[in-house]
Amino acid sequence: MRVVLLAFRLMCLAWLWPVTQLNSSNFPNKRRHKELYVGENTKQKHGGRVDLKLKKMDSTKSMLIKSEQLLRIEDHDFAMRPGFGGSAIPVGIDVQVESIDSISEVNMDFTMTLYLRHYWQDDRLAFPSSSNKSRTFDARLVKKIWVPDVFFVHSKRSFIHDTTMENIMLRVYPDGNILYSVRITVTALCSMDFSSFPLDTQNCSLELESCWYNRLYINFILRRHIFFFMLQTYFPTMLMVMLSWVSFWIDRRAVPARVSLGITTVLTMSTIITGVSASMPQVSYVKAVDIYLWASFLFVFLSVIEYAAVNYFTTVEEMKKLRSAKIPNYNASQAMAFDGCFHDNEIDLTSFPEVSSTPNTERNTQSRNSNASAPTEGTRLRRKHPLRQNLSFIMSNSYMIDSYSRVIFPLAYLLFNIIYWSMYA
């Protein structure tokens with residue numbers, strides 16, 4: 001029985017031997033065809049021969065797997081921070097400002113693009129290295145490990161640049177030290193004080209905080225350049241004020257010319273004030289530019305009022321001349337009404353009854369004459385009214401108002417500019 005079983009085994013081995021040889025002879029051909037199929041799109045060299053070195057060096061997929069295995073990503077729970085349960089992990093922050101894109105006074109914010117870099121140590125990502133070289137990764141590995149929860153406190157909006165890919169870099173050193181860099185554009189709130197605008201200096205801060213309750217302040221001192229506002233606001237305002245002075249040299253009887261010039265300068269100043277107010281936030285205090293604009297507007301407005309006074313006094317003066325021409329002969333009481341004085345030689349005393357003289361009356365008269373000398377001929381008795389006299393003088397010489405205004409207005413405006421620029425410049 002054993003002999004029969006042994007013979008059966010030998011027959012089976014003899015039958016399977018040719019099949020094994022056939023399969024072993026065809027296997028290299030299949031493998032060669034597979035390699036040629038994989039590398040059929042590679043470059044041809046030396047008369048059509050396929051260069052298989054490129055295929056052998058292409059090991060991206062295996063390198064990714066090796067990197068995750070090298071850093072032992074699957075061996076730890078990276079939802080927890082390093083050394084959870086122990087002391088806090090120190091995280092260093094480095095900010096490199098690439099550009100300050102815009103500063104908005106209306107919205108009270110500023111926008112900047114910066115590189116935000118984090119430094120910390122995570123022993124779970126340490127790996128052995130003979131050359132002590134670091135490894136650099138992109139955003140795909142960042143999503144698998146723990147990173148600090150840093151955020152901008154007063155941020156209105158922010159985003160990470162993603163053209164052509166997310167601007168995120170992760171660099172891991174063999175000892176577990178990590179550099180995490182990200183390129184961000186952030187718009188942050190800035191509480192500005194416009195009391196000295198546009199001659200102001202603003203202090204804006206970018207604040208970073210973590211759920212560790214530590215806050216990092218980055219202060220930016222922003223000093224405004226005045227040249228733009230000199231061209232857009234101050235120089236046009238000065239020209240409008242000087243233009244309003246031209247009316248002082250125009251004849252006072254040229255009513256259309258002086259009125260149109262005054263109204264034009266007033267409307268132009270109103271336009272300048274409206275334009276500046278539209279580009280500024282609505283604050284409850286007075287700004288430096290408001291003081292300058294409204295003071296200049298006051299000078300322009302006073303130039304219009306000055307001509308109104310000149311025109312009124314000229315009209316009164318002409319009316320008095322017309323009245324005096326219509327009444328050539330007037331009595332002493334009328335003369336007193338015009339100039340406020342009596343004329344002794346023109347007073348008619350015949351209408352008054354004669355008073356009888358008594359000894360007492362004569363003595364009183366003699367005593368008064370002895371104490372006070374008799375007035376000389378042509379002496380006038382005047383009432384002392386300095387304000388009325390000055391007003392009467394100005395009304396009778398209205399042309400002098402323009403003469404005084406040619407000097408007073410420029411000197412007053414020059415004094416105002418000296419005080420203004422010494423306070424705010």
# chains A, B, ... in the order shown; residues from 1 in each chain; ligands from 1
call {"tool": "residues_around", "arguments": {"residues": "A:Phe151", "least_positions_apart": "5", "cutoff": "7 Å", "atoms": "only C-alpha atoms", "output": "list in words"}}
result
Leu208, Glu209 and Ser210 of chain A
call {"tool": "write_last_selection", "arguments": {"atoms": "C-alpha atoms", "output": "CSV table (one decimal), in the first residue's frame"}}
result
chain,number,residue,atom,x,y,z
A,208,LEU,CA,-2.6,88.6,18.8
A,209,GLU,CA,-4.0,86.4,21.4
A,210,SER,CA,-4.3,82.7,22.3
call {"tool": "residues_around", "arguments": {"residues": "A:Trp249", "least_positions_apart": "3", "cutoff": "12 Å", "atoms": "only C-alpha atoms", "output": "VMD selection string"}}
result
chain A and resid 243 to 246 252 to 254 257 to 258 303 307 399 to 407
call {"tool": "closest_residue", "arguments": {"among": "A:Lys320, A:Phe301, A:His161, A:Met192", "to": "A:Ile263", "atoms": "only C-alpha atoms"}}
result
A:Phe301
call {"tool": "residues_around", "arguments": {"residues": "stretch 152-160 of chain A", "least_positions_apart": "3", "cutoff": "8 Å", "atoms": "only C-alpha atoms", "output": "NGL selection string"}}
result
:A and (166-167 or 182-189 or 206-209)
call {"tool": "closest_residue", "arguments": {"among": "A:Thr233, A:Thr264, A:Thr201, A:Thr163", "to": "A:Phe220", "atoms": "only C-alpha atoms"}}
result
A:Thr201
call {"tool": "select_by_dssp", "arguments": {"residues": "stretch 24-252 of chain A", "states": "strand (DSSP E or B)", "output": "PyMOL selection string"}}
result
chain A and resi 44-45+49-50+92-104+109-121+135-137+150-152+155-160+168-172+177-189+201-210+215-223
call {"tool": "closest_residue", "arguments": {"among": "A:Ala288, A:Asp149, A:Met11, A:Val304", "to": "A:Leu267", "atoms": "only C-alpha atoms"}}
result
A:Val304
call {"tool": "atom_distance", "arguments": {"atom1": "atom CA of A:Val142", "atom2": "atom CA of A:Met169"}}
result
8.4 Å
call {"tool": "closest_residue", "arguments": {"among": "A:Pro198, A:Gly83, A:Gly176, A:Pro281", "to": "A:Phe229", "atoms": "only C-alpha atoms"}}
result
A:Pro198
